[in-house]
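Next comes data.txt, with compact mmCIF, C-alpha atoms.
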```
# COMPACT_ATOMS: atom_id res chain seq x y z
CA MET A 1 50.34 37.38 76.23
CA ASN A 2 48.83 33.92 76.73
CA LEU A 3 46.79 32.04 74.13
CA GLU A 4 43.42 32.73 75.77
CA ASN A 5 43.90 36.48 75.32
CA LEU A 6 44.91 36.06 71.67
CA MET A 7 41.75 34.19 70.66
CA PRO A 8 39.26 37.14 70.67
CA PRO A 9 41.35 39.43 68.40
CA LEU A 10 42.09 36.48 66.11
CA MET A 11 38.36 35.73 65.89
CA PHE A 12 37.67 39.35 65.01
CA LEU A 13 40.34 39.37 62.29
CA ALA A 14 38.99 36.10 60.87
CA LEU A 15 35.48 37.57 60.79
CA VAL A 16 36.74 40.66 58.94
CA VAL A 17 38.51 38.44 56.38
CA PHE A 18 35.34 36.40 55.80
CA LEU A 19 33.19 39.53 55.38
CA LEU A 20 35.66 41.23 53.02
CA SER A 21 35.77 38.02 50.97
CA GLY A 22 32.08 38.43 50.22
CA TYR A 23 30.59 35.68 52.38
CA PRO A 24 27.14 36.36 53.91
CA VAL A 25 27.18 37.69 57.47
CA ALA A 26 25.25 34.73 58.92
CA PHE A 27 27.64 32.13 57.45
CA SER A 28 30.70 34.17 58.41
CA LEU A 29 29.63 34.47 62.06
CA GLY A 30 28.71 30.78 62.27
CA ALA A 31 31.91 29.59 60.61
CA VAL A 32 34.17 31.71 62.82
CA GLY A 33 32.42 30.51 65.97
CA ILE A 34 32.56 26.82 65.07
CA VAL A 35 36.14 26.86 63.75
CA PHE A 36 37.52 28.68 66.79
CA GLY A 37 35.42 26.48 69.08
CA PHE A 38 37.09 23.34 67.72
CA LEU A 39 40.45 25.11 67.78
CA GLY A 40 39.95 25.99 71.43
CA ILE A 41 39.08 22.37 72.25
CA ALA A 42 42.18 21.14 70.41
CA LEU A 43 44.38 23.59 72.32
CA ASP A 44 42.68 22.68 75.62
CA ILE A 45 41.55 26.25 76.33
CA PHE A 46 37.85 25.72 75.65
CA PRO A 47 35.83 23.01 77.43
CA ALA A 48 34.11 20.62 75.01
CA PRO A 49 30.82 20.41 77.02
CA LEU A 50 30.18 24.08 76.23
CA LEU A 51 30.24 23.33 72.50
CA LYS A 52 27.90 20.40 73.02
CA ALA A 53 25.47 22.73 74.80
CA MET A 54 25.17 24.94 71.70
CA PRO A 55 21.89 23.35 70.45
CA ASP A 56 20.22 24.14 73.78
CA ARG A 57 21.46 27.72 73.53
CA ILE A 58 20.11 28.04 69.98
CA PHE A 59 16.72 26.66 71.06
CA GLY A 60 16.58 29.15 73.93
CA ILE A 61 17.25 32.07 71.59
CA MET A 62 14.76 30.90 68.96
CA SER A 63 12.02 30.46 71.57
CA ASN A 64 12.57 33.96 73.02
CA GLN A 65 9.35 35.91 72.47
CA LEU A 66 11.13 39.27 72.59
CA LEU A 67 13.68 38.43 69.89
CA LEU A 68 10.85 37.30 67.62
CA ALA A 69 10.37 41.00 66.83
CA ILE A 70 13.66 41.10 64.88
CA PRO A 71 12.48 39.16 61.77
CA PHE A 72 9.29 41.24 61.72
CA PHE A 73 11.26 44.51 61.67
CA THR A 74 13.64 43.10 59.04
CA PHE A 75 10.71 42.06 56.84
CA MET A 76 9.11 45.47 57.33
CA GLY A 77 12.32 47.15 56.16
CA ILE A 78 12.41 45.00 53.02
CA ILE A 79 8.77 45.85 52.26
CA LEU A 80 9.52 49.56 52.69
CA GLU A 81 12.50 49.32 50.36
CA LYS A 82 10.55 47.50 47.63
CA SER A 83 7.47 49.73 47.89
CA GLY A 84 9.22 52.84 46.57
CA LEU A 85 8.07 54.87 49.57
CA ALA A 86 11.63 55.89 50.44
CA GLU A 87 12.20 57.08 46.88
CA ASP A 88 9.06 59.26 46.90
CA LEU A 89 9.97 60.72 50.29
CA LEU A 90 13.53 61.54 49.22
CA ASP A 91 12.36 63.11 45.97
CA THR A 92 9.75 65.26 47.73
CA MET A 93 12.05 66.39 50.54
CA GLY A 94 14.80 67.12 48.01
CA LYS A 95 12.47 69.51 46.16
CA LEU A 96 11.32 71.05 49.45
CA PHE A 97 14.86 71.80 50.67
CA GLY A 98 16.17 72.36 47.13
CA PRO A 99 16.45 76.19 47.21
CA LEU A 100 18.85 75.98 50.17
CA ARG A 101 22.55 75.24 49.96
CA GLY A 102 22.98 71.77 51.33
CA GLY A 103 19.27 71.15 50.81
CA LEU A 104 19.77 67.65 49.44
CA GLY A 105 21.97 66.83 52.44
CA LEU A 106 19.29 68.09 54.83
CA SER A 107 16.66 66.02 53.03
CA VAL A 108 18.86 62.91 53.29
CA VAL A 109 19.27 63.38 57.06
CA PHE A 110 15.53 63.97 57.49
CA VAL A 111 14.53 60.93 55.43
CA GLY A 112 17.19 58.82 57.16
CA ALA A 113 15.63 59.66 60.53
CA ILE A 114 12.13 58.84 59.23
CA LEU A 115 13.25 55.51 57.75
CA ALA A 116 15.14 54.64 60.94
CA ALA A 117 12.04 55.28 63.03
CA THR A 118 9.99 53.20 60.59
CA THR A 119 12.08 50.04 60.19
CA GLY A 120 14.88 49.91 62.76
CA VAL A 121 16.98 48.02 60.18
CA VAL A 122 20.22 49.58 58.95
CA ALA A 123 20.60 47.54 55.75
CA ALA A 124 17.24 48.64 54.36
CA SER A 125 18.00 52.32 55.00
CA VAL A 126 21.51 52.16 53.54
CA MET A 127 20.37 50.39 50.37
CA ALA A 128 17.36 52.63 49.80
CA MET A 129 19.16 55.92 50.40
CA GLY A 130 22.43 54.99 48.73
CA LEU A 131 20.83 53.84 45.49
CA ILE A 132 18.44 56.78 45.28
CA SER A 133 20.16 59.86 46.66
CA LEU A 134 23.86 59.44 45.84
CA PRO A 135 23.47 59.69 42.01
CA VAL A 136 21.25 62.77 42.43
CA MET A 137 23.69 64.50 44.79
CA LEU A 138 26.64 63.82 42.50
CA LYS A 139 24.63 65.00 39.47
CA TYR A 140 24.08 68.43 41.03
CA GLY A 141 27.69 68.98 42.05
CA TYR A 142 27.93 67.68 45.63
CA ASN A 143 31.36 66.68 46.88
CA PRO A 144 31.54 62.84 46.63
CA ARG A 145 33.08 62.41 50.09
CA PHE A 146 30.56 64.73 51.71
CA ALA A 147 27.61 63.10 49.93
CA SER A 148 28.74 59.58 50.85
CA GLY A 149 29.34 60.55 54.47
CA VAL A 150 25.93 62.17 54.86
CA ILE A 151 24.18 59.15 53.34
CA LEU A 152 26.03 56.58 55.43
CA GLY A 153 25.70 58.58 58.64
CA SER A 154 21.99 59.16 58.13
CA ALA A 155 21.27 55.59 57.08
CA THR A 156 22.91 54.18 60.20
CA LEU A 157 20.63 56.23 62.45
CA ALA A 158 18.55 53.05 62.59
CA GLN A 159 21.07 51.79 65.18
CA ILE A 160 19.93 54.31 67.80
CA ILE A 161 16.50 55.63 66.80
CA PRO A 162 13.68 53.45 68.16
CA PRO A 163 12.46 50.88 67.11
CA SER A 164 16.08 49.81 66.66
CA VAL A 165 16.79 46.08 66.45
CA VAL A 166 19.97 46.69 68.46
CA LEU A 167 17.93 48.18 71.31
CA ILE A 168 15.72 45.07 71.35
CA VAL A 169 18.78 42.83 71.74
CA LEU A 170 20.22 45.10 74.45
CA ALA A 171 16.91 45.08 76.34
CA ASP A 172 16.89 41.28 76.25
CA GLN A 173 20.49 40.98 77.45
CA LEU A 174 20.15 43.63 80.18
CA GLY A 175 16.79 42.34 81.42
CA VAL A 176 14.94 45.65 81.05
CA SER A 177 11.73 46.43 79.20
CA VAL A 178 11.95 47.47 75.57
CA GLY A 179 9.69 50.46 76.26
CA ASP A 180 12.15 51.83 78.84
CA MET A 181 15.04 51.24 76.45
CA TYR A 182 13.22 53.11 73.69
CA LYS A 183 12.41 56.04 75.98
CA ALA A 184 16.05 56.25 77.09
CA ALA A 185 17.22 56.36 73.46
CA LEU A 186 14.91 59.18 72.34
CA ILE A 187 17.03 62.11 73.60
CA PRO A 188 20.40 60.74 72.34
CA ALA A 189 18.76 59.96 69.00
CA GLY A 190 17.33 63.47 68.74
CA LEU A 191 20.71 65.02 69.59
CA THR A 192 22.43 62.87 66.96
CA VAL A 193 19.97 63.94 64.25
CA GLY A 194 20.34 67.57 65.34
CA PHE A 195 24.14 67.42 65.11
CA TYR A 196 23.86 65.91 61.63
CA PHE A 197 21.67 68.83 60.57
CA LEU A 198 24.16 71.31 62.06
CA TYR A 199 27.06 69.64 60.24
CA VAL A 200 25.29 69.88 56.87
CA ILE A 201 24.46 73.55 57.54
CA TYR A 202 28.09 74.23 58.55
CA VAL A 203 29.41 72.70 55.32
CA ALA A 204 26.83 74.60 53.25
CA LEU A 205 27.88 77.91 54.85
CA PHE A 206 31.66 77.55 54.88
CA ARG A 207 32.21 75.23 51.90
CA PRO A 208 29.35 76.12 49.55
CA LYS A 209 30.92 74.36 46.56
CA TRP A 210 30.56 71.04 48.40
CA ALA A 211 26.78 71.42 48.77
CA PRO A 212 25.21 73.70 46.13
CA ALA A 213 21.52 74.50 45.90
CA LEU A 214 19.39 72.82 43.26
CA PRO A 215 19.12 74.75 39.98
CA LEU A 216 15.77 76.24 39.05
CA GLU A 217 15.12 73.71 36.28
CA ALA A 218 15.32 70.87 38.82
CA ARG A 219 12.51 72.42 40.89
CA PRO A 220 9.21 72.26 38.97
CA ASP A 221 7.31 73.65 41.98
CA ALA A 222 9.62 76.61 42.57
CA GLY A 223 8.05 79.29 44.75
CA LYS A 224 5.91 76.84 46.73
CA GLU A 225 8.65 75.65 49.09
CA ALA A 226 8.12 78.26 51.82
CA GLN A 227 4.36 77.69 51.94
CA THR A 228 4.88 73.91 52.07
CA ALA A 229 7.49 74.16 54.83
CA PHE A 230 5.21 76.42 56.88
CA ALA A 231 2.29 74.00 56.50
CA LEU A 232 4.38 70.99 57.56
CA LEU A 233 5.82 72.94 60.51
CA SER A 234 2.30 73.90 61.56
CA TYR A 235 1.39 70.20 61.72
CA LEU A 236 4.31 69.66 64.10
CA LEU A 237 3.24 72.58 66.29
CA VAL A 238 -0.41 71.46 66.37
CA GLY A 239 0.55 67.89 67.24
CA THR A 240 2.96 69.01 69.96
CA GLY A 241 0.38 71.40 71.42
CA ALA A 242 -2.33 68.74 71.48
CA TYR A 243 0.07 66.31 73.15
CA ALA A 244 0.98 68.90 75.80
CA VAL A 245 -2.67 69.69 76.51
CA GLY A 246 -3.58 66.01 76.82
CA ARG A 247 -0.76 64.99 79.16
CA PHE A 248 -3.16 64.45 82.04
CA LEU A 249 -5.46 62.16 80.04
CA PRO A 250 -5.08 58.38 79.77
CA SER A 251 -2.53 57.27 77.17
CA TRP A 252 -5.08 56.13 74.59
CA ALA A 253 -7.11 59.36 74.95
CA GLU A 254 -3.96 61.47 74.70
CA TRP A 255 -2.99 59.99 71.34
CA LEU A 256 -6.60 60.13 70.14
CA GLU A 257 -6.65 63.86 70.91
CA VAL A 258 -3.50 64.36 68.83
CA LEU A 259 -5.02 62.51 65.86
CA VAL A 260 -8.25 64.53 66.07
CA ALA A 261 -6.29 67.80 66.27
CA LEU A 262 -4.24 66.88 63.19
CA ALA A 263 -7.36 65.88 61.26
CA LEU A 264 -9.08 69.18 62.08
CA TRP A 265 -5.96 71.13 61.12
CA THR A 266 -5.94 69.30 57.77
CA LEU A 267 -9.46 70.62 57.14
CA VAL A 268 -8.24 74.15 57.94
CA LEU A 269 -5.36 73.81 55.46
CA LEU A 270 -7.49 72.16 52.78
CA PRO A 271 -7.56 75.25 50.47
CA TRP A 272 -3.74 75.40 50.58
CA ILE A 273 -3.46 71.67 49.95
CA ARG A 274 -5.68 71.87 46.86
CA ARG A 275 -3.60 74.66 45.29
CA ASN A 276 -0.11 73.42 46.22
CA ARG A 277 1.06 70.28 44.41
CA LEU A 278 4.31 70.11 46.40
CA LEU A 279 2.35 70.13 49.66
CA GLN A 280 0.13 67.34 48.34
CA ARG A 281 3.16 65.21 47.50
CA ALA A 282 4.78 65.96 50.86
CA LEU A 283 1.67 64.90 52.79
CA LEU A 284 1.11 61.77 50.68
CA SER A 285 4.73 60.67 51.09
CA MET A 286 4.95 61.44 54.82
CA VAL A 287 1.62 60.09 56.08
CA PRO A 288 2.38 56.34 55.53
CA PRO A 289 5.73 56.32 57.42
CA LEU A 290 4.32 58.50 60.21
CA VAL A 291 1.34 56.15 60.63
CA LEU A 292 3.78 53.24 60.68
CA ILE A 293 5.87 54.99 63.33
CA PHE A 294 2.78 55.42 65.49
CA LEU A 295 1.74 51.77 65.04
CA VAL A 296 5.21 50.42 65.81
CA LEU A 297 6.86 52.90 68.17
CA GLY A 298 3.84 54.59 69.72
CA THR A 299 2.13 51.37 70.76
CA VAL A 300 5.32 50.12 72.43
CA LEU A 301 6.01 53.40 74.26
CA ILE A 302 2.48 53.68 75.68
CA GLY A 303 2.40 49.99 76.58
CA LEU A 304 -0.37 48.85 74.23
CA ALA A 305 1.76 46.25 72.45
CA THR A 306 5.00 44.30 72.76
CA PRO A 307 7.73 44.82 70.13
CA THR A 308 6.76 41.52 68.51
CA GLU A 309 3.11 42.56 68.24
CA ALA A 310 4.07 46.03 67.00
CA GLY A 311 6.40 44.57 64.36
CA ALA A 312 3.66 42.22 63.18
CA MET A 313 1.22 45.15 62.89
CA GLY A 314 3.81 47.10 60.90
CA VAL A 315 4.26 44.23 58.44
CA VAL A 316 0.50 43.89 57.94
```

Starting from the file, give its structure as structure tokens.
Amino acid sequence: MNLENLMPPLMFLALVVFLLSGYPVAFSLGAVGIVFGFLGIALDIFPAPLLKAMPDRIFGIMSNQLLLAIPFFTFMGIILEKSGLAEDLLDTMGKLFGPLRGGLGLSVVFVGAILAATTGVVAASVMAMGLISLPVMLKYGYNPRFASGVILGSATLAQIIPPSVVLIVLADQLGVSVGDMYKAALIPAGLTVGFYFLYVIYVALFRPKWAPALPLEARPDAGKEAQTAFALLSYLLVGTGAYAVGRFLPSWAEWLEVLVALALWTLVLLPWIRRNRLLQRALLSMVPPLVLIFLVLGTVLIGLATPTEAGAMGVV
């Protein structure tokens, strides 16, 4: 094997060493690139003019309007983490799925998908879900390996669920629109989330000691879970039905019809909402991320905004 073929694996190993040593990702990537660039010049396997052209390459990337969406999505993920919204959502969904074996695991997968569709940033999802849900799952007897795997797998859904930062970079490199990239990722993302749900259910059925149900004392709203789940499912059915009916309308009118249908259905369920505290908490914790998903993902998919504009709206 010649020296040119050895350089890429050596660069990868050097990057792993830097990251495991605790250096920040940005400095590790930059240091590996510069060091191996000079090493390649010294060994006469890398032309020096390419290294001199690096400032022009950096300027081209920084002036790319599409990639400007990345810092907006990163900032939005940090805001979501600091706001406590993820904590409220995890707590509410944990109580909703609590009577079921593996209920906490199902709630982690559900919240991971919601956070992924809200921020598109993996680090924010991993930090929020790991700090909040892992101690709770271990407290109620979940297997540590199973709990850690569910949290990490669900938190990294932000890699594939739109508005993923990775999909923005791929769209830029492949020369396709971000909207088309997001549409292409919807079905694989849905299948991935579905398989995660099936895995948690499988473990709960065949290894019940790994994923026990929450005890009664941990569920202050016991007895209200079925009514709350039915109400939330009815929102999904009403929204899907309104979307199917309005398929032949313009895009803006189609989404407006969905919003009106959901608002009217809220008025129908108002007596239930007043009497059910768990349903109140579920709606209050789910409305902000769902509105954010519509502002960020919906506007990009229907062509009303670019990813940069959508990310800026999400931050505001």

Using atom CA of A:Leu131 and atom CA of A:Leu89 as the two end points, give the distance in Å to one decimal. 13.7 Å

Return as a tab-separated table the residues of stretch 24-122 of chain A lying at most 7 Å from stretch 273-287 of chain A, together with the closest atom-to-atom pair for each and the distance in Å to one decimal, counting all atoms listed in the file, with rows in chain order and ascending residue number.
```
residue	atom	partner	partner_atom	distance
A:Leu85	CA	A:Ser285	CA	6.9
A:Asp88	CA	A:Ser285	CA	6.2
A:Leu89	CA	A:Ser285	CA	5.3
A:Thr92	CA	A:Ala282	CA	5.9
```

Which polymer residues have any atom within 12 Å of an atom of A:Phe230, counting only C-alpha atoms, with same-chain residues fewer than 4 positions away left out, as a PyMOL selection string? chain A and resi 96+224-226+234-237+269+272+279

Between A:Gly30, A:Gly112, A:Gly153, A:Pro163, which is the closest to A:Thr74 once you count only C-alpha atoms?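 Among A:Gly30, A:Gly112, A:Gly153, A:Pro163, it is A:Pro163 that comes nearest to A:Thr74.
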
Please measure the separation of atom CA of A:Phe97 and atom CA of A:Arg145, giving the value in Å to one decimal. 20.5 Å

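Here atom CA of A:Pro307 stands at a distance of 27.9 Å from atom CA of A:Gly130.
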
Minimum-distance residue to A:Leu39, chosen among A:Glu4, A:Gln65, A:Leu232, A:Tyr142 (using all atoms listed in the file):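 Selected residue with least distance to A:Leu39: A:Glu4.
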
Nearby residues (all atoms listed in the file) at most 6 Å from A:Val258, same-chain spacing under 5 positions excluded, as a ChimeraX atom specification: /A:239,242-243

For the point (10.4, 55.8, 77.7) in file coordinates, what residues are within 12 Å, counting all atoms listed in the file? Give the answer as a ChimeraX atom specification? /A:162-163,176-187,297-303

Using only C-alpha atoms, the residue out of A:Phe12, A:Val111, A:Leu264, A:Ala229 with shortest distance to A:Glu87 is A:Val111

From the list A:Leu290, A:Leu295, A:Ile78, A:Ala171, which residue is nearest A:Leu66 when using all atoms listed in the file?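 So, comparing all the options, the nearest one is A:Ala171.
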
Proximity to A:Leu106 - best of A:Gly22, A:Thr240, A:Pro208, A:Tyr199, all atoms listed in the file: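 Checking each candidate against A:Leu106, we get A:Tyr199 as the closest.
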
Pick from A:Ile58, A:Gly40, A:Phe195, A:Leu10 nearest to A:Val109, counting all atoms listed in the file: A:Phe195

Need the shell around stretch 136-140 of chain A: protein/DNA/RNA residues with any atom at most 12 Å away, counting all atoms listed in the file. Skip same-chain ones fewer than 3 positions apart. Format as number ranges by chain? A: 87, 90-91, 94-95, 98, 101-108, 129-133, 143-151, 209-218
